[in-house]
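Undergrad: Dropping in data_1.cif, with mmCIF, C-alpha atoms.
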```cif
data_data
#
loop_
_atom_site.group_PDB
_atom_site.id
_atom_site.type_symbol
_atom_site.label_atom_id
_atom_site.label_comp_id
_atom_site.auth_asym_id
_atom_site.auth_seq_id
_atom_site.Cartn_x
_atom_site.Cartn_y
_atom_site.Cartn_z
ATOM 1 C CA MET A 64 0.000 0.000 0.000
ATOM 2 C CA LYS A 65 1.535 3.298 -1.144
ATOM 3 C CA MET A 66 1.514 6.373 1.051
ATOM 4 C CA ALA A 67 -1.153 8.940 0.115
ATOM 5 C CA LEU A 68 0.785 11.265 -2.177
ATOM 6 C CA LEU A 69 -0.861 14.531 -1.105
ATOM 7 C CA LYS A 70 -1.823 13.689 2.490
ATOM 8 C CA ASP A 71 -1.869 16.843 4.648
ATOM 9 C CA LYS A 72 -0.296 18.889 1.838
ATOM 10 C CA SER A 73 -1.519 22.440 1.312
ATOM 11 C CA LEU A 74 -3.142 23.454 -1.935
ATOM 12 C CA THR A 75 -1.185 26.640 -2.418
ATOM 13 C CA GLN A 76 -1.575 27.656 -6.039
ATOM 14 C CA ILE A 77 -3.906 27.659 -9.023
ATOM 15 C CA GLY A 78 -2.253 28.081 -12.408
ATOM 16 C CA LEU A 79 -3.891 29.585 -15.487
ATOM 17 C CA VAL A 80 -2.381 29.524 -18.951
ATOM 18 C CA VAL A 81 -3.144 32.665 -20.957
ATOM 19 C CA ASP A 82 -2.233 33.999 -24.380
ATOM 20 C CA ASP A 83 -1.713 37.603 -23.269
ATOM 21 C CA ILE A 84 -0.456 37.925 -19.703
ATOM 22 C CA GLU A 85 -0.594 41.738 -19.702
ATOM 23 C CA LYS A 86 -4.292 41.642 -20.646
ATOM 24 C CA ALA A 87 -5.100 38.900 -18.128
ATOM 25 C CA ALA A 88 -3.155 40.669 -15.360
ATOM 26 C CA ARG A 89 -5.150 43.856 -16.068
ATOM 27 C CA ALA A 90 -8.470 41.974 -15.911
ATOM 28 C CA TRP A 91 -7.577 40.269 -12.602
ATOM 29 C CA SER A 92 -6.186 43.496 -11.079
ATOM 30 C CA LYS A 93 -9.392 45.287 -11.900
ATOM 31 C CA ALA A 94 -11.640 42.509 -10.614
ATOM 32 C CA LEU A 95 -9.640 41.990 -7.399
ATOM 33 C CA GLY A 96 -9.118 45.708 -6.836
ATOM 34 C CA VAL A 97 -5.340 45.375 -6.465
ATOM 35 C CA ALA A 98 -2.305 46.787 -8.258
ATOM 36 C CA GLU A 99 -0.919 44.894 -11.239
ATOM 37 C CA PRO A 100 1.902 42.661 -10.009
ATOM 38 C CA GLU A 101 5.297 42.488 -11.711
ATOM 39 C CA ILE A 102 5.554 40.136 -14.676
ATOM 40 C CA ILE A 103 8.700 37.988 -14.673
ATOM 41 C CA ILE A 104 10.152 35.516 -17.155
ATOM 42 C CA THR A 105 11.322 32.035 -16.214
ATOM 43 C CA ALA A 106 15.074 31.405 -16.254
ATOM 44 C CA PRO A 107 16.797 30.069 -19.380
ATOM 45 C CA VAL A 108 17.257 26.315 -19.694
ATOM 46 C CA GLU A 109 20.779 26.345 -18.224
ATOM 47 C CA GLN A 110 19.362 27.529 -14.893
ATOM 48 C CA ALA A 111 15.815 26.169 -15.056
ATOM 49 C CA ARG A 112 17.006 22.748 -16.278
ATOM 50 C CA THR A 113 13.516 22.259 -17.685
ATOM 51 C CA GLU A 114 12.547 18.794 -18.820
ATOM 52 C CA TYR A 115 9.392 18.233 -20.835
ATOM 53 C CA LYS A 116 8.296 14.645 -21.461
ATOM 54 C CA GLY A 117 11.711 13.423 -20.339
ATOM 55 C CA GLU A 118 13.761 15.646 -22.682
ATOM 56 C CA PRO A 119 15.566 18.907 -21.932
ATOM 57 C CA SER A 120 13.456 21.841 -23.165
ATOM 58 C CA THR A 121 14.185 25.504 -23.819
ATOM 59 C CA ALA A 122 10.689 26.281 -22.521
ATOM 60 C CA ARG A 123 10.221 29.711 -21.046
ATOM 61 C CA ALA A 124 7.143 31.547 -19.872
ATOM 62 C CA LYS A 125 6.103 34.908 -18.533
ATOM 63 C CA LEU A 126 4.617 34.604 -15.041
ATOM 64 C CA THR A 127 2.766 36.786 -12.608
ATOM 65 C CA PHE A 128 1.138 36.073 -9.257
ATOM 66 C CA PHE A 129 -1.875 37.328 -7.310
ATOM 67 C CA CYS A 130 -2.281 36.436 -3.624
ATOM 68 C CA ILE A 131 -5.910 35.683 -2.814
ATOM 69 C CA GLY A 132 -5.916 34.858 0.878
ATOM 70 C CA PRO A 133 -4.012 31.589 1.322
ATOM 71 C CA VAL A 134 -4.060 30.771 -2.393
ATOM 72 C CA MET A 135 -1.743 32.110 -5.084
ATOM 73 C CA LEU A 136 -3.192 32.634 -8.536
ATOM 74 C CA GLU A 137 -0.436 32.160 -11.124
ATOM 75 C CA LEU A 138 -0.823 33.490 -14.666
ATOM 76 C CA ILE A 139 1.433 31.813 -17.237
ATOM 77 C CA GLU A 140 2.040 32.866 -20.829
ATOM 78 C CA PRO A 141 4.330 30.459 -22.698
ATOM 79 C CA VAL A 142 6.867 32.363 -24.781
ATOM 80 C CA GLU A 143 9.173 29.733 -26.273
ATOM 81 C CA GLY A 144 10.115 26.067 -26.336
ATOM 82 C CA LYS A 145 8.072 22.927 -25.824
ATOM 83 C CA SER A 146 6.161 22.861 -22.570
ATOM 84 C CA THR A 147 2.985 21.708 -20.909
ATOM 85 C CA TRP A 148 1.981 25.406 -20.883
ATOM 86 C CA LYS A 149 2.240 25.741 -24.682
ATOM 87 C CA ASP A 150 0.621 22.373 -25.256
ATOM 88 C CA HIS A 151 -2.289 23.306 -22.983
ATOM 89 C CA LEU A 152 -2.755 26.725 -24.620
ATOM 90 C CA ASP A 153 -2.725 25.208 -28.125
ATOM 91 C CA ARG A 154 -5.278 22.560 -27.173
ATOM 92 C CA HIS A 155 -7.613 24.445 -24.884
ATOM 93 C CA GLY A 156 -7.007 28.168 -25.238
ATOM 94 C CA PRO A 157 -6.633 30.382 -22.154
ATOM 95 C CA SER A 158 -7.829 28.283 -19.219
ATOM 96 C CA LEU A 159 -7.107 26.765 -15.835
ATOM 97 C CA HIS A 160 -3.981 24.622 -16.090
ATOM 98 C CA HIS A 161 -3.058 23.119 -12.716
ATOM 99 C CA ILE A 162 -3.487 23.092 -8.982
ATOM 100 C CA ALA A 163 -0.299 23.015 -6.940
ATOM 101 C CA PHE A 164 0.483 21.302 -3.648
ATOM 102 C CA GLU A 165 3.543 22.216 -1.608
ATOM 103 C CA VAL A 166 5.701 19.234 -0.673
ATOM 104 C CA ASP A 167 9.012 18.809 1.184
ATOM 105 C CA ASP A 168 10.724 16.503 -1.226
ATOM 106 C CA ILE A 169 9.764 16.378 -4.895
ATOM 107 C CA ASP A 170 12.123 13.530 -5.743
ATOM 108 C CA GLY A 171 10.682 11.398 -2.961
ATOM 109 C CA HIS A 172 7.175 12.119 -4.220
ATOM 110 C CA LEU A 173 8.093 11.308 -7.826
ATOM 111 C CA ILE A 174 9.463 7.925 -6.743
ATOM 112 C CA ASP A 175 6.151 7.302 -5.011
ATOM 113 C CA LEU A 176 3.898 8.008 -8.021
ATOM 114 C CA ASN A 177 3.482 4.320 -8.770
ATOM 115 C CA GLY A 178 -0.118 3.317 -8.148
ATOM 116 C CA HIS A 179 -1.438 6.881 -8.401
ATOM 117 C CA GLU A 180 -2.065 6.952 -12.166
ATOM 118 C CA LEU A 181 -0.084 10.170 -12.460
ATOM 119 C CA GLU A 182 2.782 10.674 -14.896
ATOM 120 C CA LEU A 183 5.576 13.230 -14.728
ATOM 121 C CA VAL A 184 5.113 15.685 -17.629
ATOM 122 C CA GLN A 185 7.494 18.525 -16.885
ATOM 123 C CA ARG A 186 9.907 19.568 -14.189
ATOM 124 C CA GLY A 187 12.293 22.423 -13.584
ATOM 125 C CA GLU A 188 14.057 24.694 -11.155
ATOM 126 C CA PHE A 189 13.410 28.280 -10.175
ATOM 127 C CA GLU A 190 15.157 30.617 -7.773
ATOM 128 C CA GLY A 191 14.270 29.184 -4.398
ATOM 129 C CA GLY A 192 12.778 25.870 -5.398
ATOM 130 C CA ARG A 193 11.671 23.374 -7.993
ATOM 131 C CA TYR A 194 8.459 22.035 -9.484
ATOM 132 C CA ALA A 195 7.018 19.007 -11.225
ATOM 133 C CA TYR A 196 3.787 18.809 -13.226
ATOM 134 C CA LEU A 197 1.919 15.512 -13.130
ATOM 135 C CA ASP A 198 -0.638 14.528 -15.735
ATOM 136 C CA GLY A 199 -3.821 13.871 -13.782
ATOM 137 C CA GLN A 200 -6.318 14.806 -16.463
ATOM 138 C CA GLU A 201 -7.775 11.375 -17.127
ATOM 139 C CA HIS A 202 -8.024 10.095 -13.564
ATOM 140 C CA PHE A 203 -8.038 13.254 -11.411
ATOM 141 C CA GLY A 204 -9.569 15.759 -13.840
ATOM 142 C CA ALA A 205 -6.616 18.124 -13.404
ATOM 143 C CA ALA A 206 -2.901 18.545 -13.828
ATOM 144 C CA ILE A 207 -1.246 18.486 -10.404
ATOM 145 C CA GLU A 208 1.882 20.439 -9.627
ATOM 146 C CA LEU A 209 4.248 19.509 -6.822
ATOM 147 C CA LEU A 210 6.088 22.570 -5.522
ATOM 148 C CA GLU A 211 9.181 22.372 -3.325
ATOM 149 C CA ILE A 212 10.354 25.614 -1.738
ATOM 150 C CA ASP A 213 13.889 25.659 -0.342
ATOM 151 C CA SER A 214 13.877 26.073 3.405
ATOM 152 C CA ASP A 215 16.573 28.793 3.385
ATOM 153 C CA ILE A 216 14.263 30.900 1.223
ATOM 154 C CA ASP A 217 11.046 30.181 3.119
ATOM 155 C CA PRO A 218 12.178 29.252 6.628
ATOM 156 C CA GLU A 219 9.707 27.294 8.732
ATOM 157 C CA MET B 37 -15.414 53.589 -12.256
ATOM 158 C CA LYS B 38 -16.969 50.278 -11.304
ATOM 159 C CA MET B 39 -16.322 48.652 -7.962
ATOM 160 C CA ALA B 40 -13.777 45.827 -8.075
ATOM 161 C CA LEU B 41 -16.015 42.779 -8.491
ATOM 162 C CA LEU B 42 -14.012 40.363 -6.350
ATOM 163 C CA LYS B 43 -12.355 42.774 -3.923
ATOM 164 C CA ASP B 44 -11.657 41.060 -0.580
ATOM 165 C CA LYS B 45 -13.680 38.013 -1.625
ATOM 166 C CA SER B 46 -12.408 34.589 -0.611
ATOM 167 C CA LEU B 47 -11.441 32.043 -3.227
ATOM 168 C CA THR B 48 -13.278 29.122 -1.670
ATOM 169 C CA GLN B 49 -13.625 26.470 -4.329
ATOM 170 C CA ILE B 50 -11.990 24.896 -7.357
ATOM 171 C CA GLY B 51 -14.324 22.982 -9.665
ATOM 172 C CA LEU B 52 -13.296 20.081 -11.901
ATOM 173 C CA VAL B 53 -15.514 18.550 -14.560
ATOM 174 C CA VAL B 54 -15.008 14.800 -14.902
ATOM 175 C CA ASP B 55 -16.553 12.024 -16.969
ATOM 176 C CA ASP B 56 -16.633 9.434 -14.167
ATOM 177 C CA ILE B 57 -17.066 10.949 -10.726
ATOM 178 C CA GLU B 58 -16.720 7.630 -8.905
ATOM 179 C CA LYS B 59 -13.327 7.029 -10.546
ATOM 180 C CA ALA B 60 -12.151 10.602 -9.911
ATOM 181 C CA ALA B 61 -13.352 10.508 -6.286
ATOM 182 C CA ARG B 62 -11.390 7.274 -5.771
ATOM 183 C CA ALA B 63 -8.226 8.812 -7.255
ATOM 184 C CA TRP B 64 -8.479 11.942 -5.091
ATOM 185 C CA SER B 65 -9.329 9.946 -1.921
ATOM 186 C CA LYS B 66 -6.275 7.790 -2.434
ATOM 187 C CA ALA B 67 -3.967 10.733 -3.176
ATOM 188 C CA LEU B 68 -5.251 12.845 -0.270
ATOM 189 C CA GLY B 69 -5.438 9.894 2.120
ATOM 190 C CA VAL B 70 -9.059 10.594 3.090
ATOM 191 C CA ALA B 71 -12.328 8.648 2.900
ATOM 192 C CA GLU B 72 -14.410 8.959 -0.267
ATOM 193 C CA PRO B 73 -17.029 11.657 0.301
ATOM 194 C CA GLU B 74 -20.711 11.175 -0.508
ATOM 195 C CA ILE B 75 -21.734 11.797 -4.116
ATOM 196 C CA ILE B 76 -24.916 13.845 -4.475
ATOM 197 C CA ILE B 77 -26.995 14.895 -7.471
ATOM 198 C CA THR B 78 -28.136 18.442 -8.101
ATOM 199 C CA ALA B 79 -31.845 19.194 -7.638
ATOM 200 C CA PRO B 80 -34.271 18.946 -10.568
ATOM 201 C CA VAL B 81 -35.006 22.092 -12.560
ATOM 202 C CA GLU B 82 -38.114 22.974 -10.533
ATOM 203 C CA GLN B 83 -35.946 23.486 -7.444
ATOM 204 C CA ALA B 84 -32.612 24.385 -9.012
ATOM 205 C CA ARG B 85 -34.225 26.838 -11.436
ATOM 206 C CA THR B 86 -31.160 26.403 -13.614
ATOM 207 C CA GLU B 87 -30.645 28.831 -16.459
ATOM 208 C CA TYR B 88 -28.024 28.174 -19.106
ATOM 209 C CA LYS B 89 -27.294 30.934 -21.600
ATOM 210 C CA GLY B 90 -30.445 32.727 -20.515
ATOM 211 C CA GLU B 91 -32.818 29.771 -21.012
ATOM 212 C CA PRO B 92 -34.225 27.384 -18.402
ATOM 213 C CA SER B 93 -32.293 24.120 -18.469
ATOM 214 C CA THR B 94 -32.937 20.641 -17.104
ATOM 215 C CA ALA B 95 -29.199 20.398 -16.375
ATOM 216 C CA ARG B 96 -28.232 18.080 -13.565
ATOM 217 C CA ALA B 97 -24.872 16.882 -12.339
ATOM 218 C CA LYS B 98 -23.379 14.522 -9.790
ATOM 219 C CA LEU B 99 -21.206 16.387 -7.291
ATOM 220 C CA THR B 100 -18.768 15.562 -4.558
ATOM 221 C CA PHE B 101 -16.489 17.717 -2.412
ATOM 222 C CA PHE B 102 -13.060 17.384 -0.789
ATOM 223 C CA CYS B 103 -11.929 19.924 1.814
ATOM 224 C CA ILE B 104 -8.251 20.776 1.367
ATOM 225 C CA GLY B 105 -7.526 23.277 4.089
ATOM 226 C CA PRO B 106 -9.456 26.464 3.297
ATOM 227 C CA VAL B 107 -10.250 25.370 -0.258
ATOM 228 C CA MET B 108 -13.002 23.030 -1.397
ATOM 229 C CA LEU B 109 -12.301 20.816 -4.392
ATOM 230 C CA GLU B 110 -15.583 20.142 -6.219
ATOM 231 C CA LEU B 111 -15.884 17.255 -8.669
ATOM 232 C CA ILE B 112 -18.724 17.596 -11.180
ATOM 233 C CA GLU B 113 -20.036 14.967 -13.583
ATOM 234 C CA PRO B 114 -22.796 16.309 -15.855
ATOM 235 C CA VAL B 115 -25.615 13.776 -16.159
ATOM 236 C CA GLU B 116 -28.318 15.479 -18.203
ATOM 237 C CA GLY B 117 -29.456 18.711 -19.817
ATOM 238 C CA LYS B 118 -27.537 21.575 -21.355
ATOM 239 C CA SER B 119 -24.984 23.095 -19.034
ATOM 240 C CA THR B 120 -21.603 24.741 -18.864
ATOM 241 C CA TRP B 121 -20.409 21.472 -17.260
ATOM 242 C CA LYS B 122 -21.451 19.344 -20.277
ATOM 243 C CA ASP B 123 -20.193 21.916 -22.741
ATOM 244 C CA HIS B 124 -16.805 22.042 -20.983
ATOM 245 C CA LEU B 125 -16.514 18.240 -20.822
ATOM 246 C CA ASP B 126 -17.383 17.869 -24.519
ATOM 247 C CA ARG B 127 -14.833 20.505 -25.546
ATOM 248 C CA HIS B 128 -11.953 19.827 -23.182
ATOM 249 C CA GLY B 129 -12.421 16.438 -21.550
ATOM 250 C CA PRO B 130 -11.993 16.016 -17.783
ATOM 251 C CA SER B 131 -10.316 19.198 -16.554
ATOM 252 C CA LEU B 132 -10.373 22.195 -14.257
ATOM 253 C CA HIS B 133 -13.598 24.135 -14.844
ATOM 254 C CA HIS B 134 -13.863 27.119 -12.510
ATOM 255 C CA ILE B 135 -12.647 28.934 -9.436
ATOM 256 C CA ALA B 136 -15.315 30.164 -7.067
ATOM 257 C CA PHE B 137 -15.489 33.287 -4.938
ATOM 258 C CA GLU B 138 -17.973 33.649 -2.108
ATOM 259 C CA VAL B 139 -20.052 36.827 -2.297
ATOM 260 C CA ASP B 140 -22.906 38.276 -0.223
ATOM 261 C CA ASP B 141 -25.233 39.227 -3.027
ATOM 262 C CA ILE B 142 -25.077 37.506 -6.402
ATOM 263 C CA ASP B 143 -27.723 39.716 -7.999
ATOM 264 C CA GLY B 144 -25.844 42.860 -6.977
ATOM 265 C CA HIS B 145 -22.652 41.433 -8.456
ATOM 266 C CA LEU B 146 -24.363 40.439 -11.699
ATOM 267 C CA ILE B 147 -25.656 43.980 -12.138
ATOM 268 C CA ASP B 148 -22.097 45.189 -11.670
ATOM 269 C CA LEU B 149 -20.505 42.997 -14.369
ATOM 270 C CA ASN B 150 -20.456 45.825 -16.859
ATOM 271 C CA GLY B 151 -16.859 46.795 -17.606
ATOM 272 C CA HIS B 152 -15.416 43.491 -16.382
ATOM 273 C CA GLU B 153 -15.627 41.565 -19.666
ATOM 274 C CA LEU B 154 -17.440 38.727 -17.936
ATOM 275 C CA GLU B 155 -20.709 37.251 -19.155
ATOM 276 C CA LEU B 156 -23.261 35.274 -17.175
ATOM 277 C CA VAL B 157 -23.297 31.708 -18.543
ATOM 278 C CA GLN B 158 -25.292 29.709 -16.032
ATOM 279 C CA ARG B 159 -27.014 30.227 -12.729
ATOM 280 C CA GLY B 160 -29.064 28.172 -10.318
ATOM 281 C CA GLU B 161 -30.144 27.452 -6.781
ATOM 282 C CA PHE B 162 -29.107 24.768 -4.333
ATOM 283 C CA GLU B 163 -30.150 23.976 -0.801
ATOM 284 C CA GLY B 164 -28.649 26.823 1.174
ATOM 285 C CA GLY B 165 -27.621 29.146 -1.588
ATOM 286 C CA ARG B 166 -27.210 30.015 -5.237
ATOM 287 C CA TYR B 167 -24.466 30.278 -7.842
ATOM 288 C CA ALA B 168 -23.597 32.008 -11.078
ATOM 289 C CA TYR B 169 -20.899 31.036 -13.564
ATOM 290 C CA LEU B 170 -19.233 33.853 -15.489
ATOM 291 C CA ASP B 171 -17.353 33.291 -18.728
ATOM 292 C CA GLY B 172 -13.883 34.638 -18.067
ATOM 293 C CA GLN B 173 -11.959 32.394 -20.424
ATOM 294 C CA GLU B 174 -10.864 34.982 -22.949
ATOM 295 C CA HIS B 175 -9.943 37.818 -20.594
ATOM 296 C CA PHE B 176 -9.285 36.098 -17.258
ATOM 297 C CA GLY B 177 -8.175 32.639 -18.422
ATOM 298 C CA ALA B 178 -10.821 30.960 -16.263
ATOM 299 C CA ALA B 179 -14.511 30.581 -15.631
ATOM 300 C CA ILE B 180 -15.383 32.396 -12.411
ATOM 301 C CA GLU B 181 -18.169 31.240 -10.129
ATOM 302 C CA LEU B 182 -19.925 33.542 -7.703
ATOM 303 C CA LEU B 183 -21.276 31.599 -4.718
ATOM 304 C CA GLU B 184 -23.838 32.998 -2.287
ATOM 305 C CA ILE B 185 -24.443 30.998 0.881
ATOM 306 C CA ASP B 186 -27.614 31.833 2.848
ATOM 307 C CA SER B 187 -26.759 33.277 6.217
ATOM 308 C CA ASP B 188 -29.216 31.011 8.092
ATOM 309 C CA ILE B 189 -27.287 27.993 6.759
ATOM 310 C CA ASP B 190 -23.812 29.400 7.303
ATOM 311 C CA PRO B 191 -24.220 32.007 10.052
ATOM 312 C CA GLU B 192 -21.527 34.653 10.292
#
```
Once you've parsed the file, please lay out its structure as structure tokens.

TA:
Amino acid sequence: MKMALLKDKSLTQIGLVVDDIEKAARAWSKALGVAEPEIIITAPVEQARTEYKGEPSTARAKLTFFCIGPVMLELIEPVEGKSTWKDHLDRHGPSLHHIAFEVDDIDGHLIDLNGHELELVQRGEFEGGRYAYLDGQEHFGAAIELLEIDSDIDPE
Amino acid sequence: MKMALLKDKSLTQIGLVVDDIEKAARAWSKALGVAEPEIIITAPVEQARTEYKGEPSTARAKLTFFCIGPVMLELIEPVEGKSTWKDHLDRHGPSLHHIAFEVDDIDGHLIDLNGHELELVQRGEFEGGRYAYLDGQEHFGAAIELLEIDSDIDPE
């Protein structure tokens, strides 16, 4: 019997893929009544070490974040390279992409996927942590992201 | 200048449309390490007074809910009638459908949509409250649900 993969993990983020992040950020700012947050771009492949479907990818995206109480809303506009973001946008248009759970140890969780009908689709690094997207569409009805935040960045 | 539609509102729910709610509920139960919650069916049109694209609809769906900290994960399997749930499932397959914000007064919010590039797609009643889905795909990258919970059910 495998351990429950997401037991007691916090759902910390909802990710939306959009085709125009400036437009989407304006719409959300207006609706939420908050200032437009900074838009950043993900690091190049040498730093992000992005892998998509098991192969290194030059995928990059523009990102921005809105804090809504305990949940972060992440807007993602793919800008280059093969990625789950670009694939999702091409197939479905601007739409909800994933829900993210914060975990302590992504590698440990990825080893434990067996039996959960979830496949690793994409992984990468960012300043202060790393992520992995799991394909849960067929069985879970959603892509699931595992997020690991380095403890020296977010001390607990 | 219109009031910010979602200012200080809580993001309380994430909705997923699935094609087999029993299968999806099993997958989520296993991953979250919790018991499978009860699956209910929405009320018939006479009680739910469902309207889809401005017309009465016999839409019904099976629903089940997982509490993940402050956020409710709602699984939805459309079972009959025209609805945003069925339309979404036909177009996109099992996937994330909406994020929901709790508001005090749905009708007041619907009057105030002007200027927010959001259109009312579907609305209805349930025991203890009412809901409205807004089409935010193009501008917001997501369908947005407004949820109003009657104060005698959820006293504050």

Undergrad: With distances taken over all atoms listed in the file, which of A:Ala205, A:Val134, A:Ala163, A:Val184 is nearest to B:Gln49?

TA: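 Comparing A:Ala205, A:Val134, A:Ala163, A:Val184 against B:Gln49, the winner is A:Val134.
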
Undergrad: Chain A near chain B within 7 Å: what's each residue's closest atom pair and its distance in Å to one decimal, counting all atoms listed in the file, ordered by chain then ascending residue number, as a tab-separated table?

TA:
```
residue	atom	partner	partner_atom	distance
A:Ala67	CA	B:Ala67	CA	4.7
A:Leu68	CA	B:Ala67	CA	4.9
A:Leu69	CA	B:Leu68	CA	4.8
A:Lys70	CA	B:Leu68	CA	4.5
A:Ser73	CA	B:Gly105	CA	6.7
A:Leu74	CA	B:Ile104	CA	6.6
A:Leu79	CA	B:Gly177	CA	6.0
A:Val80	CA	B:Gly177	CA	6.6
A:Val81	CA	B:Gly177	CA	5.6
A:Lys86	CA	B:His175	CA	6.8
A:Ala87	CA	B:Phe176	CA	5.1
A:Ala90	CA	B:Phe176	CA	6.1
A:Trp91	CA	B:Phe176	CA	6.5
A:Lys93	CA	B:Ala40	CA	5.8
A:Ala94	CA	B:Ala40	CA	4.7
A:Leu95	CA	B:Lys43	CA	4.5
A:Gly96	CA	B:Ala40	CA	4.8
A:Ile131	CA	B:Leu47	CA	6.6
A:Gly132	CA	B:Ser46	CA	6.7
A:His155	CA	B:His128	CA	6.6
A:Pro157	CA	B:Gly177	CA	4.6
A:Ser158	CA	B:Gly177	CA	4.4
A:Leu159	CA	B:Ala178	CA	5.6
A:His179	CA	B:Ala67	CA	7.0
A:Gln200	CA	B:Ser131	CA	5.9
A:Glu201	CA	B:Pro130	CA	6.3
A:His202	CA	B:Ala60	CA	5.5
A:Phe203	CA	B:Ala60	CA	5.1
A:Gly204	CA	B:Ser131	CA	4.4
A:Ala205	CA	B:Ser131	CA	5.0
```

Undergrad: Would you mind listing what lies within 7 Å of stretch 84-101 of chain B as an mmCIF file with C-alpha atoms, in the frame of the given file, with all atoms listed in the file counted and same-chain residues fewer than 3 positions away left out?

TA:
```cif
data_model
loop_
_atom_site.group_PDB
_atom_site.id
_atom_site.type_symbol
_atom_site.label_atom_id
_atom_site.label_comp_id
_atom_site.auth_asym_id
_atom_site.auth_seq_id
_atom_site.Cartn_x
_atom_site.Cartn_y
_atom_site.Cartn_z
ATOM 1 C CA PRO B 73 -17.029 11.657 0.301
ATOM 2 C CA GLU B 74 -20.711 11.175 -0.508
ATOM 3 C CA ILE B 75 -21.734 11.797 -4.116
ATOM 4 C CA ILE B 76 -24.916 13.845 -4.475
ATOM 5 C CA ILE B 77 -26.995 14.895 -7.471
ATOM 6 C CA THR B 78 -28.136 18.442 -8.101
ATOM 7 C CA ALA B 79 -31.845 19.194 -7.638
ATOM 8 C CA PRO B 80 -34.271 18.946 -10.568
ATOM 9 C CA VAL B 81 -35.006 22.092 -12.560
ATOM 10 C CA MET B 108 -13.002 23.030 -1.397
ATOM 11 C CA LEU B 109 -12.301 20.816 -4.392
ATOM 12 C CA GLU B 110 -15.583 20.142 -6.219
ATOM 13 C CA LEU B 111 -15.884 17.255 -8.669
ATOM 14 C CA ILE B 112 -18.724 17.596 -11.180
ATOM 15 C CA GLU B 113 -20.036 14.967 -13.583
ATOM 16 C CA PRO B 114 -22.796 16.309 -15.855
ATOM 17 C CA VAL B 115 -25.615 13.776 -16.159
ATOM 18 C CA GLU B 116 -28.318 15.479 -18.203
ATOM 19 C CA GLY B 117 -29.456 18.711 -19.817
ATOM 20 C CA LYS B 118 -27.537 21.575 -21.355
ATOM 21 C CA SER B 119 -24.984 23.095 -19.034
ATOM 22 C CA VAL B 157 -23.297 31.708 -18.543
ATOM 23 C CA GLN B 158 -25.292 29.709 -16.032
ATOM 24 C CA ARG B 159 -27.014 30.227 -12.729
ATOM 25 C CA GLY B 160 -29.064 28.172 -10.318
ATOM 26 C CA GLU B 161 -30.144 27.452 -6.781
ATOM 27 C CA PHE B 162 -29.107 24.768 -4.333
#
```

Undergrad: One number please: atom CA of B:Ala71 to atom CA of B:Glu58, in Å, one decimal.

TA: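 Result for atom CA of B:Ala71 versus atom CA of B:Glu58: 12.6 Å, one decimal.
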
Undergrad: Can you spell out as a PyMOL selection string the set of residues that the PyMOL selection byres ((chain A and resi 209) around 9) selects in the structure I just provided?

TA: chain A and resi 162-166+169+172+193-197+207-208+210-211

Undergrad: Would you compute the distance between atom CA of A:Asp215 and atom CA of A:Gly191? Give it in Å to one decimal.

TA: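 Atom CA of A:Asp215 sits 8.1 Å away from atom CA of A:Gly191.
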
Undergrad: Enter the distance from atom CA of B:Asp143 to atom CA of B:Glu163, in Å, rounded to one decimal.

TA: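 Distance between the two atoms: 17.5 Å.
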
Undergrad: With 5 Å of padding per side, what axis-aligned box (centre and edge lengths, Å, one decimal) covers all the listed atoms of stretch 55-60 of chain B? Give it as lines of an AutoDock Vina configuration file.

TA:
```
center_x = -14.6
center_y = 9.5
center_z = -12.9
size_x = 14.9
size_y = 15.0
size_z = 18.1
```

Undergrad: Please, can stretch 79-88 of chain B be completed to N, CA and C atoms and returned as a PDB file, keeping the file's coordinate frame?

TA:
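Contents of the output file result_16.pdb:
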```
ATOM      1  N   ALA B  79     -30.381  19.248  -7.668  1.00  0.00           N
ATOM      2  CA  ALA B  79     -31.845  19.194  -7.638  1.00  0.00           C
ATOM      3  C   ALA B  79     -32.414  19.315  -9.054  1.00  0.00           C
ATOM      4  N   PRO B  80     -33.627  18.768  -9.264  1.00  0.00           N
ATOM      5  CA  PRO B  80     -34.271  18.946 -10.568  1.00  0.00           C
ATOM      6  C   PRO B  80     -34.583  20.414 -10.839  1.00  0.00           C
ATOM      7  N   VAL B  81     -34.876  20.706 -12.100  1.00  0.00           N
ATOM      8  CA  VAL B  81     -35.006  22.092 -12.560  1.00  0.00           C
ATOM      9  C   VAL B  81     -36.025  22.901 -11.755  1.00  0.00           C
ATOM     10  N   GLU B  82     -37.075  22.244 -11.270  1.00  0.00           N
ATOM     11  CA  GLU B  82     -38.114  22.974 -10.533  1.00  0.00           C
ATOM     12  C   GLU B  82     -37.524  23.620  -9.276  1.00  0.00           C
ATOM     13  N   GLN B  83     -36.580  22.910  -8.634  1.00  0.00           N
ATOM     14  CA  GLN B  83     -35.946  23.486  -7.444  1.00  0.00           C
ATOM     15  C   GLN B  83     -34.686  24.278  -7.795  1.00  0.00           C
ATOM     16  N   ALA B  84     -33.906  23.740  -8.719  1.00  0.00           N
ATOM     17  CA  ALA B  84     -32.612  24.385  -9.012  1.00  0.00           C
ATOM     18  C   ALA B  84     -32.810  25.637  -9.870  1.00  0.00           C
ATOM     19  N   ARG B  85     -33.934  25.696 -10.558  1.00  0.00           N
ATOM     20  CA  ARG B  85     -34.225  26.838 -11.436  1.00  0.00           C
ATOM     21  C   ARG B  85     -33.000  27.232 -12.279  1.00  0.00           C
ATOM     22  N   THR B  86     -32.390  26.185 -12.851  1.00  0.00           N
ATOM     23  CA  THR B  86     -31.160  26.403 -13.614  1.00  0.00           C
ATOM     24  C   THR B  86     -31.449  27.165 -14.900  1.00  0.00           C
ATOM     25  N   GLU B  87     -30.610  28.135 -15.167  1.00  0.00           N
ATOM     26  CA  GLU B  87     -30.645  28.831 -16.459  1.00  0.00           C
ATOM     27  C   GLU B  87     -29.277  28.715 -17.097  1.00  0.00           C
ATOM     28  N   TYR B  88     -29.271  28.289 -18.356  1.00  0.00           N
ATOM     29  CA  TYR B  88     -28.024  28.174 -19.106  1.00  0.00           C
ATOM     30  C   TYR B  88     -28.152  29.035 -20.346  1.00  0.00           C
TER      31      TYR B  88
END
```
